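What follows is start.txt (compact mmCIF, N, CA and C atoms).
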```txt
# COMPACT_ATOMS: atom_id res chain seq x y z
N MET A 1360 141.49 106.65 18.79
CA MET A 1360 140.53 107.46 19.51
C MET A 1360 140.40 106.96 20.95
N VAL A 1361 140.51 107.86 21.89
CA VAL A 1361 140.41 107.50 23.30
C VAL A 1361 138.95 107.42 23.69
N LYS A 1362 138.54 106.23 24.15
CA LYS A 1362 137.15 106.02 24.56
C LYS A 1362 137.01 105.84 26.06
N HIS A 1363 138.06 105.28 26.68
CA HIS A 1363 137.97 104.90 28.08
C HIS A 1363 139.33 105.09 28.74
N ILE A 1364 139.34 105.75 29.89
CA ILE A 1364 140.56 105.92 30.68
C ILE A 1364 140.35 105.24 32.03
N LEU A 1365 141.30 104.42 32.43
CA LEU A 1365 141.26 103.78 33.75
C LEU A 1365 142.24 104.49 34.66
N ILE A 1366 141.75 104.97 35.80
CA ILE A 1366 142.59 105.60 36.81
C ILE A 1366 142.81 104.58 37.92
N VAL A 1367 144.06 104.33 38.27
CA VAL A 1367 144.39 103.41 39.35
C VAL A 1367 144.99 104.26 40.47
N GLU A 1368 144.19 104.49 41.50
CA GLU A 1368 144.54 105.46 42.56
C GLU A 1368 143.83 105.07 43.85
N ASP A 1369 144.57 104.99 44.94
CA ASP A 1369 143.96 104.60 46.22
C ASP A 1369 143.52 105.79 47.07
N ASP A 1370 144.04 106.96 46.81
CA ASP A 1370 143.67 108.13 47.62
C ASP A 1370 142.38 108.75 47.07
N PRO A 1371 141.31 108.77 47.86
CA PRO A 1371 140.02 109.28 47.35
C PRO A 1371 140.06 110.75 46.93
N VAL A 1372 140.87 111.57 47.58
CA VAL A 1372 140.96 112.98 47.22
C VAL A 1372 141.65 113.13 45.86
N ASP A 1373 142.79 112.47 45.70
CA ASP A 1373 143.48 112.53 44.41
C ASP A 1373 142.62 111.94 43.30
N LEU A 1374 141.93 110.85 43.60
CA LEU A 1374 141.05 110.24 42.60
C LEU A 1374 139.97 111.22 42.16
N LYS A 1375 139.35 111.90 43.11
CA LYS A 1375 138.30 112.87 42.77
C LYS A 1375 138.87 114.02 41.94
N PHE A 1376 140.04 114.53 42.31
CA PHE A 1376 140.68 115.61 41.55
C PHE A 1376 140.90 115.20 40.09
N ILE A 1377 141.47 114.00 39.89
CA ILE A 1377 141.78 113.60 38.52
C ILE A 1377 140.51 113.25 37.75
N GLN A 1378 139.54 112.61 38.40
CA GLN A 1378 138.27 112.31 37.73
C GLN A 1378 137.56 113.59 37.30
N ASP A 1379 137.48 114.54 38.21
CA ASP A 1379 136.80 115.80 37.90
C ASP A 1379 137.50 116.54 36.77
N ALA A 1380 138.83 116.58 36.82
CA ALA A 1380 139.59 117.28 35.79
C ALA A 1380 139.43 116.59 34.43
N LEU A 1381 139.47 115.27 34.41
CA LEU A 1381 139.28 114.55 33.15
C LEU A 1381 137.87 114.74 32.61
N SER A 1382 136.88 114.67 33.50
CA SER A 1382 135.48 114.85 33.07
C SER A 1382 135.26 116.23 32.46
N GLU A 1383 135.92 117.22 33.03
CA GLU A 1383 135.80 118.58 32.51
C GLU A 1383 136.56 118.75 31.19
N THR A 1384 137.74 118.15 31.12
CA THR A 1384 138.61 118.33 29.96
C THR A 1384 138.24 117.45 28.77
N ILE A 1385 137.85 116.20 29.07
CA ILE A 1385 137.52 115.24 28.01
C ILE A 1385 136.17 114.61 28.35
N PRO A 1386 135.09 115.36 28.28
CA PRO A 1386 133.79 114.87 28.75
C PRO A 1386 133.25 113.66 27.98
N GLU A 1387 133.71 113.45 26.77
CA GLU A 1387 133.21 112.34 25.96
C GLU A 1387 133.84 110.99 26.32
N VAL A 1388 134.85 110.99 27.18
CA VAL A 1388 135.57 109.76 27.52
C VAL A 1388 134.99 109.14 28.79
N GLU A 1389 134.80 107.83 28.75
CA GLU A 1389 134.37 107.07 29.93
C GLU A 1389 135.56 106.97 30.88
N ILE A 1390 135.31 107.19 32.17
CA ILE A 1390 136.38 107.15 33.16
C ILE A 1390 136.07 106.06 34.18
N GLY A 1391 136.98 105.11 34.29
CA GLY A 1391 136.86 104.05 35.29
C GLY A 1391 137.91 104.24 36.36
N ALA A 1392 137.72 103.56 37.48
CA ALA A 1392 138.67 103.69 38.58
C ALA A 1392 138.88 102.35 39.27
N ALA A 1393 140.10 102.17 39.76
CA ALA A 1393 140.46 101.01 40.57
C ALA A 1393 141.30 101.53 41.73
N ARG A 1394 141.15 100.90 42.90
CA ARG A 1394 141.85 101.37 44.10
C ARG A 1394 143.27 100.83 44.26
N ASP A 1395 143.62 99.81 43.49
CA ASP A 1395 144.97 99.24 43.56
C ASP A 1395 145.20 98.38 42.32
N GLY A 1396 146.40 97.83 42.23
CA GLY A 1396 146.75 97.04 41.06
C GLY A 1396 145.92 95.79 40.88
N GLU A 1397 145.56 95.14 41.98
CA GLU A 1397 144.75 93.93 41.87
C GLU A 1397 143.37 94.24 41.31
N GLU A 1398 142.74 95.30 41.80
CA GLU A 1398 141.43 95.69 41.27
C GLU A 1398 141.56 96.12 39.80
N ALA A 1399 142.64 96.78 39.46
CA ALA A 1399 142.85 97.19 38.08
C ALA A 1399 142.94 95.97 37.17
N LEU A 1400 143.68 94.95 37.58
CA LEU A 1400 143.79 93.74 36.76
C LEU A 1400 142.43 93.07 36.59
N GLU A 1401 141.62 93.06 37.65
CA GLU A 1401 140.27 92.50 37.53
C GLU A 1401 139.47 93.27 36.48
N ARG A 1402 139.55 94.58 36.51
CA ARG A 1402 138.83 95.40 35.53
C ARG A 1402 139.37 95.17 34.11
N LEU A 1403 140.67 94.95 34.00
CA LEU A 1403 141.29 94.76 32.69
C LEU A 1403 140.96 93.41 32.07
N GLU A 1404 140.40 92.50 32.86
CA GLU A 1404 139.97 91.21 32.32
C GLU A 1404 138.69 91.34 31.51
N SER A 1405 137.98 92.45 31.64
CA SER A 1405 136.73 92.65 30.91
C SER A 1405 137.03 92.97 29.44
N ASP A 1406 136.00 92.96 28.64
CA ASP A 1406 136.15 93.29 27.22
C ASP A 1406 136.35 94.79 27.00
N ASN A 1407 135.97 95.60 27.95
CA ASN A 1407 136.06 97.06 27.82
C ASN A 1407 137.43 97.55 28.28
N LYS A 1408 138.44 97.32 27.44
CA LYS A 1408 139.80 97.73 27.79
C LYS A 1408 139.94 99.24 27.65
N PRO A 1409 140.67 99.86 28.57
CA PRO A 1409 140.88 101.30 28.46
C PRO A 1409 141.83 101.64 27.33
N SER A 1410 141.73 102.87 26.86
CA SER A 1410 142.66 103.39 25.86
C SER A 1410 143.94 103.86 26.53
N ILE A 1411 143.81 104.31 27.79
CA ILE A 1411 144.93 104.84 28.57
C ILE A 1411 144.74 104.41 30.02
N ILE A 1412 145.85 104.17 30.72
CA ILE A 1412 145.81 103.89 32.16
C ILE A 1412 146.62 104.98 32.85
N ILE A 1413 146.01 105.63 33.83
CA ILE A 1413 146.70 106.62 34.67
C ILE A 1413 146.93 105.93 36.01
N LEU A 1414 148.18 105.85 36.42
CA LEU A 1414 148.57 104.93 37.47
C LEU A 1414 149.38 105.60 38.58
N ASP A 1415 148.90 105.46 39.80
CA ASP A 1415 149.66 105.87 40.98
C ASP A 1415 150.69 104.78 41.29
N LEU A 1416 151.71 105.09 42.04
CA LEU A 1416 152.71 104.09 42.39
C LEU A 1416 152.50 103.48 43.76
N ARG A 1417 152.20 104.30 44.74
CA ARG A 1417 152.11 103.83 46.12
C ARG A 1417 150.67 103.47 46.47
N MET A 1418 150.39 102.16 46.44
CA MET A 1418 149.05 101.67 46.72
C MET A 1418 149.15 100.38 47.52
N PRO A 1419 148.09 100.04 48.24
CA PRO A 1419 148.10 98.77 48.99
C PRO A 1419 147.94 97.57 48.05
N ARG A 1420 148.09 96.40 48.59
CA ARG A 1420 147.95 95.12 47.90
C ARG A 1420 148.93 94.99 46.73
N MET A 1421 148.66 95.60 45.60
CA MET A 1421 149.60 95.58 44.47
C MET A 1421 149.93 97.02 44.11
N ASP A 1422 151.20 97.39 44.26
CA ASP A 1422 151.58 98.78 43.98
C ASP A 1422 151.70 99.03 42.47
N GLY A 1423 151.97 100.28 42.13
CA GLY A 1423 152.05 100.67 40.74
C GLY A 1423 153.17 100.01 39.97
N HIS A 1424 154.30 99.77 40.62
CA HIS A 1424 155.41 99.11 39.93
C HIS A 1424 155.04 97.69 39.54
N ALA A 1425 154.42 96.97 40.46
CA ALA A 1425 154.02 95.59 40.16
C ALA A 1425 152.98 95.56 39.05
N LEU A 1426 152.02 96.48 39.10
CA LEU A 1426 151.02 96.53 38.05
C LEU A 1426 151.65 96.91 36.71
N LEU A 1427 152.52 97.89 36.72
CA LEU A 1427 153.19 98.30 35.47
C LEU A 1427 153.94 97.11 34.86
N HIS A 1428 154.62 96.35 35.68
CA HIS A 1428 155.33 95.16 35.19
C HIS A 1428 154.36 94.18 34.55
N LYS A 1429 153.24 93.92 35.22
CA LYS A 1429 152.25 92.98 34.68
C LYS A 1429 151.67 93.50 33.37
N LEU A 1430 151.39 94.80 33.31
CA LEU A 1430 150.84 95.38 32.08
C LEU A 1430 151.82 95.22 30.92
N LYS A 1431 153.05 95.61 31.15
CA LYS A 1431 154.03 95.69 30.06
C LYS A 1431 154.61 94.33 29.67
N THR A 1432 154.29 93.28 30.42
CA THR A 1432 154.72 91.93 30.03
C THR A 1432 153.53 91.09 29.57
N HIS A 1433 152.35 91.66 29.54
CA HIS A 1433 151.13 90.96 29.11
C HIS A 1433 150.90 91.22 27.63
N GLN A 1434 150.72 90.16 26.86
CA GLN A 1434 150.61 90.28 25.40
C GLN A 1434 149.51 91.24 24.96
N GLU A 1435 148.35 91.21 25.60
CA GLU A 1435 147.22 92.04 25.18
C GLU A 1435 147.23 93.44 25.80
N LEU A 1436 147.87 93.61 26.94
CA LEU A 1436 147.79 94.88 27.67
C LEU A 1436 148.99 95.79 27.46
N LYS A 1437 150.08 95.26 26.94
CA LYS A 1437 151.33 96.03 26.89
C LYS A 1437 151.28 97.27 26.00
N ARG A 1438 150.34 97.31 25.06
CA ARG A 1438 150.25 98.46 24.16
C ARG A 1438 149.40 99.60 24.72
N ILE A 1439 148.71 99.35 25.83
CA ILE A 1439 147.91 100.43 26.44
C ILE A 1439 148.88 101.40 27.11
N PRO A 1440 148.84 102.67 26.73
CA PRO A 1440 149.74 103.63 27.37
C PRO A 1440 149.49 103.71 28.89
N ALA A 1441 150.58 103.63 29.63
CA ALA A 1441 150.53 103.74 31.09
C ALA A 1441 151.20 105.05 31.49
N ILE A 1442 150.40 105.95 32.02
CA ILE A 1442 150.90 107.25 32.46
C ILE A 1442 150.99 107.22 33.98
N ILE A 1443 152.19 107.37 34.50
CA ILE A 1443 152.38 107.40 35.95
C ILE A 1443 152.02 108.78 36.45
N LEU A 1444 151.22 108.83 37.52
CA LEU A 1444 150.87 110.09 38.19
C LEU A 1444 151.13 109.86 39.66
N SER A 1445 152.26 110.37 40.14
CA SER A 1445 152.72 110.06 41.49
C SER A 1445 153.26 111.29 42.19
N THR A 1446 153.27 111.24 43.52
CA THR A 1446 153.88 112.32 44.30
C THR A 1446 155.40 112.21 44.29
N ALA A 1447 155.92 111.03 44.00
CA ALA A 1447 157.37 110.83 43.99
C ALA A 1447 157.99 111.60 42.83
N ASP A 1448 158.98 112.43 43.14
CA ASP A 1448 159.62 113.20 42.09
C ASP A 1448 161.13 112.99 42.03
N ALA A 1449 161.59 111.94 42.70
CA ALA A 1449 163.02 111.63 42.68
C ALA A 1449 163.40 111.06 41.32
N GLU A 1450 164.55 111.46 40.83
CA GLU A 1450 165.00 111.01 39.52
C GLU A 1450 165.10 109.49 39.45
N THR A 1451 165.54 108.85 40.54
CA THR A 1451 165.66 107.39 40.53
C THR A 1451 164.28 106.73 40.36
N GLU A 1452 163.26 107.29 40.96
CA GLU A 1452 161.90 106.75 40.83
C GLU A 1452 161.39 106.93 39.40
N ILE A 1453 161.63 108.08 38.83
CA ILE A 1453 161.20 108.35 37.46
C ILE A 1453 161.93 107.42 36.49
N MET A 1454 163.25 107.27 36.66
CA MET A 1454 164.02 106.38 35.79
C MET A 1454 163.54 104.94 35.91
N ARG A 1455 163.24 104.52 37.13
CA ARG A 1455 162.74 103.15 37.34
C ARG A 1455 161.47 102.92 36.54
N CYS A 1456 160.56 103.89 36.57
CA CYS A 1456 159.29 103.73 35.83
C CYS A 1456 159.53 103.65 34.32
N TYR A 1457 160.43 104.48 33.81
CA TYR A 1457 160.73 104.39 32.38
C TYR A 1457 161.44 103.08 32.05
N ASP A 1458 162.27 102.59 32.96
CA ASP A 1458 162.90 101.28 32.76
C ASP A 1458 161.85 100.17 32.73
N GLU A 1459 160.73 100.40 33.41
CA GLU A 1459 159.62 99.44 33.43
C GLU A 1459 158.63 99.71 32.30
N TYR A 1460 159.01 100.58 31.37
CA TYR A 1460 158.24 100.88 30.15
C TYR A 1460 156.99 101.73 30.38
N ALA A 1461 157.03 102.59 31.38
CA ALA A 1461 155.95 103.59 31.51
C ALA A 1461 156.01 104.48 30.27
N ASN A 1462 154.85 104.95 29.84
CA ASN A 1462 154.81 105.80 28.64
C ASN A 1462 154.99 107.27 28.98
N ALA A 1463 154.71 107.65 30.21
CA ALA A 1463 154.92 109.04 30.66
C ALA A 1463 154.93 109.03 32.18
N TYR A 1464 155.59 110.04 32.74
CA TYR A 1464 155.65 110.18 34.20
C TYR A 1464 155.30 111.63 34.54
N LEU A 1465 154.24 111.80 35.31
CA LEU A 1465 153.80 113.13 35.75
C LEU A 1465 153.79 113.17 37.27
N VAL A 1466 154.23 114.28 37.82
CA VAL A 1466 154.20 114.46 39.27
C VAL A 1466 152.84 115.05 39.65
N LYS A 1467 152.22 114.45 40.67
CA LYS A 1467 150.90 114.89 41.10
C LYS A 1467 150.93 116.34 41.56
N PRO A 1468 149.99 117.11 41.10
CA PRO A 1468 149.86 118.48 41.61
C PRO A 1468 149.14 118.47 42.95
N ASP A 1469 149.00 119.64 43.55
CA ASP A 1469 148.35 119.69 44.86
C ASP A 1469 147.07 120.51 44.86
N ASN A 1470 146.53 120.81 43.67
CA ASN A 1470 145.28 121.55 43.64
C ASN A 1470 144.51 121.26 42.35
N PRO A 1471 143.22 121.47 42.37
CA PRO A 1471 142.38 121.15 41.20
C PRO A 1471 142.79 121.88 39.92
N ALA A 1472 143.22 123.12 40.02
CA ALA A 1472 143.61 123.85 38.81
C ALA A 1472 144.80 123.19 38.12
N GLU A 1473 145.73 122.69 38.89
CA GLU A 1473 146.89 122.01 38.31
C GLU A 1473 146.50 120.65 37.72
N TYR A 1474 145.55 119.98 38.33
CA TYR A 1474 145.04 118.73 37.74
C TYR A 1474 144.41 119.02 36.38
N ARG A 1475 143.67 120.11 36.27
CA ARG A 1475 143.07 120.48 34.99
C ARG A 1475 144.15 120.78 33.95
N ARG A 1476 145.21 121.44 34.37
CA ARG A 1476 146.32 121.72 33.45
C ARG A 1476 146.93 120.42 32.94
N ILE A 1477 147.15 119.47 33.83
CA ILE A 1477 147.72 118.18 33.44
C ILE A 1477 146.78 117.43 32.51
N THR A 1478 145.49 117.42 32.83
CA THR A 1478 144.55 116.68 31.98
C THR A 1478 144.41 117.33 30.60
N LYS A 1479 144.57 118.64 30.52
CA LYS A 1479 144.56 119.29 29.21
C LYS A 1479 145.75 118.81 28.38
N ARG A 1480 146.89 118.64 29.02
CA ARG A 1480 148.08 118.14 28.31
C ARG A 1480 147.88 116.68 27.90
N ILE A 1481 147.27 115.90 28.78
CA ILE A 1481 146.97 114.51 28.42
C ILE A 1481 146.04 114.49 27.21
N LYS A 1482 145.02 115.33 27.24
CA LYS A 1482 144.08 115.40 26.12
C LYS A 1482 144.81 115.80 24.84
N GLU A 1483 145.60 116.85 24.91
CA GLU A 1483 146.28 117.34 23.72
C GLU A 1483 147.17 116.27 23.09
N PHE A 1484 147.94 115.58 23.91
CA PHE A 1484 148.85 114.60 23.34
C PHE A 1484 148.17 113.27 23.05
N TRP A 1485 147.55 112.67 24.06
CA TRP A 1485 147.07 111.30 23.93
C TRP A 1485 145.76 111.19 23.14
N THR A 1486 144.95 112.24 23.08
CA THR A 1486 143.70 112.12 22.33
C THR A 1486 143.75 112.84 20.99
N GLU A 1487 144.67 113.80 20.82
CA GLU A 1487 144.69 114.58 19.59
C GLU A 1487 145.94 114.33 18.74
N GLU A 1488 147.03 113.91 19.33
CA GLU A 1488 148.28 113.74 18.57
C GLU A 1488 148.70 112.29 18.41
N ALA A 1489 148.73 111.56 19.50
CA ALA A 1489 149.25 110.18 19.46
C ALA A 1489 148.29 109.25 18.72
N ALA A 1490 148.87 108.35 17.97
CA ALA A 1490 148.09 107.29 17.32
C ALA A 1490 148.05 106.10 18.26
N LEU A 1491 146.85 105.76 18.72
CA LEU A 1491 146.70 104.64 19.65
C LEU A 1491 146.05 103.46 18.95
N VAL A 1492 146.36 102.27 19.44
CA VAL A 1492 145.76 101.05 18.92
C VAL A 1492 144.43 100.86 19.63
N ALA A 1493 143.38 100.58 18.87
CA ALA A 1493 142.06 100.37 19.47
C ALA A 1493 141.97 99.04 20.15
```
As structure tokens, how would this structure be written, given the file I've shared?
Amino acid sequence: MVKHILIVEDDPVDLKFIQDALSETIPEVEIGAARDGEEALERLESDNKPSIIILDLRMPRMDGHALLHKLKTHQELKRIPAIILSTADAETEIMRCYDEYANAYLVKPDNPAEYRRITKRIKEFWTEEAALVA
């Protein structure tokens, strides 16, 4: 059961779009946010681990690739699904993320309606179909 989603995103507009879409689509889920990989790691040190992490790639301080590597090599964090949500749509970038054990790769939309469409798909798969470890 998905209880908490952590969004790691430095762009305030994109963050608002995804937060609003998630709140509308999955209102029962707590939504947290971090502006970069370093802040995300600080949040992940708490007892309230997210069920899913939605992760941008291009961020200051610690980018998404570095955070993904830390997540997927950490004994306690590696099982948390990491969904990449990035503007990069090059095949090499997508392959790199899957090589780094991303669980899904989504290209960022450019409007709120498309964010809602994506969050509905996230809800359908990750909250209704996939079996997640608590």
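Close contacts of Asp1406 of chain A, defined as residues with an atom at most 12 Å away when counting only C-alpha atoms, with chain neighbours fewer than 4 positions off set aside, comprise His1363, Glu1401, Arg1402, Glu1435 and Leu1436 of chain A.
Among the candidates A:Lys1479, A:Ala1463, A:Thr1432, A:Pro1386, the one nearest to Ile1411 of chain A when counting only C-alpha atoms is A:Ala1463.
With atom CA of Glu1459 of chain A on one side and atom CA of His1428 of chain A on the other, the separation reads 6.3 Å.
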Next item on the list: Please provide the set of residues having any atom within 8 Å of Val1367 of chain A, restricted to only N, CA and C atoms, with same-chain residues fewer than 6 positions apart removed, written as a count of residues only.
Entry: 16
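Among the residues of segment 1412-1485 of chain A, backbone DSSP assigns alpha helix (DSSP H) to Gly1423, His1424, Ala1425, Leu1426, Leu1427, His1428, Lys1429, Leu1430, Lys1431, Glu1450, Thr1451, Glu1452, Ile1453, Met1454, Arg1455, Cys1456, Tyr1457, Asp1458, Pro1471, Ala1472, Glu1473, Tyr1474, Arg1475, Arg1476, Ile1477, Thr1478, Lys1479, Arg1480 and Ile1481 of chain A.
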Margin query: Can you pull out the residues contacting Ser1410 of chain A? Cut-off 6 Å, using all atoms listed in the file, and skip same-chain residues under 5 positions away; I want them as a PyMOL selection string.
Written below: chain A and resi 1361-1365+1439-1440
Notebook entry, point to check: What is the distance between atom C of Glu1452 of chain A and atom N of Leu1400 of chain A, in Å to one decimal?
Noted result: 21.5 Å
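The shortest atom-to-atom distance to Tyr1474 of chain A, with only C-alpha atoms taken into account, belongs to A:Leu1444 out of A:Met1360, A:Val1492, A:Leu1427, A:Leu1444.
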Next item on the list: Apply DSSP to the backbone of this structure and, from chain A, keep only the residues in strand (DSSP E or B); write these as a ChimeraX atom specification.
Entry: /A:1363-1367,1389-1393,1411-1414,1441-1445,1463-1466
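The two atoms in question, atom CA of Leu1491 of chain A and atom CA of Lys1429 of chain A, are spaced 19.8 Å apart.
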Margin query: Between A:Arg1475, A:Asn1462, A:Ala1447, A:Ala1425, which residue has the minimum interatomic distance to Ala1489 of chain A, considering only C-alpha atoms?
Written below: A:Asn1462
Notebook entry, point to check: Of the residues A:Ala1441, A:Val1388, A:Met1421, A:Ile1477, which is the one nearest to Phe1376 of chain A, using only C-alpha atoms?
Noted result: A:Ile1477
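Closest approach to Ile1366 of chain A from the set A:Thr1451, A:Gln1378, A:Thr1384, A:Thr1446 is made by A:Gln1378, with distances taken over all atoms listed in the file.
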Next item on the list: Select, from A:Trp1485, A:Arg1476, A:Arg1417, A:Glu1389, the residue with the minimum atom-to-atom distance to Glu1368 of chain A, counting only N, CA and C atoms.
Entry: A:Arg1417
Please fill the gaps in segment 1375-1384 of chain A so it has all heavy atoms, and write that as a compact mmCIF listing (two decimals), keeping the file's coordinate frame.
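As written to disk, out.txt reads:
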```txt
# COMPACT_ATOMS: atom_id res chain seq x y z
N LYS A 1375 139.35 111.90 43.11
CA LYS A 1375 138.30 112.87 42.77
C LYS A 1375 138.87 114.02 41.94
O LYS A 1375 138.26 114.44 40.96
CB LYS A 1375 137.65 113.41 44.04
CG LYS A 1375 136.63 114.50 43.78
CD LYS A 1375 135.31 114.15 44.36
CE LYS A 1375 134.28 115.24 44.22
NZ LYS A 1375 133.82 115.50 42.88
N PHE A 1376 140.04 114.53 42.31
CA PHE A 1376 140.68 115.61 41.55
C PHE A 1376 140.90 115.20 40.09
O PHE A 1376 140.57 115.94 39.17
CB PHE A 1376 142.02 116.02 42.16
CG PHE A 1376 141.93 116.91 43.37
CD1 PHE A 1376 143.02 117.02 44.22
CD2 PHE A 1376 140.79 117.64 43.67
CE1 PHE A 1376 142.97 117.85 45.33
CE2 PHE A 1376 140.73 118.47 44.77
CZ PHE A 1376 141.82 118.57 45.60
N ILE A 1377 141.47 114.00 39.89
CA ILE A 1377 141.78 113.60 38.52
C ILE A 1377 140.51 113.25 37.75
O ILE A 1377 140.38 113.57 36.57
CB ILE A 1377 142.84 112.46 38.47
CG1 ILE A 1377 143.35 112.24 37.05
CG2 ILE A 1377 142.32 111.16 39.03
CD1 ILE A 1377 144.22 113.30 36.51
N GLN A 1378 139.54 112.61 38.40
CA GLN A 1378 138.27 112.31 37.73
C GLN A 1378 137.56 113.59 37.30
O GLN A 1378 137.09 113.69 36.16
CB GLN A 1378 137.34 111.51 38.65
CG GLN A 1378 137.68 110.05 38.74
CD GLN A 1378 136.78 109.33 39.74
OE1 GLN A 1378 136.47 109.85 40.81
NE2 GLN A 1378 136.37 108.13 39.40
N ASP A 1379 137.48 114.54 38.21
CA ASP A 1379 136.80 115.80 37.90
C ASP A 1379 137.50 116.54 36.77
O ASP A 1379 136.86 117.06 35.85
CB ASP A 1379 136.71 116.70 39.13
CG ASP A 1379 135.73 116.19 40.17
OD1 ASP A 1379 134.99 115.22 39.89
OD2 ASP A 1379 135.73 116.74 41.30
N ALA A 1380 138.83 116.58 36.82
CA ALA A 1380 139.59 117.28 35.79
C ALA A 1380 139.43 116.59 34.43
O ALA A 1380 139.25 117.25 33.41
CB ALA A 1380 141.06 117.36 36.19
N LEU A 1381 139.47 115.27 34.41
CA LEU A 1381 139.28 114.55 33.15
C LEU A 1381 137.87 114.74 32.61
O LEU A 1381 137.68 114.94 31.41
CB LEU A 1381 139.57 113.06 33.33
CG LEU A 1381 141.03 112.65 33.39
CD1 LEU A 1381 141.17 111.20 33.84
CD2 LEU A 1381 141.72 112.86 32.05
N SER A 1382 136.88 114.67 33.50
CA SER A 1382 135.48 114.85 33.07
C SER A 1382 135.26 116.23 32.46
O SER A 1382 134.51 116.38 31.50
CB SER A 1382 134.54 114.65 34.25
OG SER A 1382 134.56 113.32 34.68
N GLU A 1383 135.92 117.22 33.03
CA GLU A 1383 135.80 118.58 32.51
C GLU A 1383 136.56 118.75 31.19
O GLU A 1383 136.07 119.39 30.26
CB GLU A 1383 136.34 119.56 33.55
CG GLU A 1383 136.25 121.01 33.14
CD GLU A 1383 136.82 121.93 34.21
OE1 GLU A 1383 136.49 121.76 35.40
OE2 GLU A 1383 137.61 122.82 33.83
N THR A 1384 137.74 118.15 31.12
CA THR A 1384 138.61 118.33 29.96
C THR A 1384 138.24 117.45 28.77
O THR A 1384 138.31 117.87 27.63
CB THR A 1384 140.08 118.04 30.37
OG1 THR A 1384 140.39 118.82 31.51
CG2 THR A 1384 141.03 118.37 29.26
```
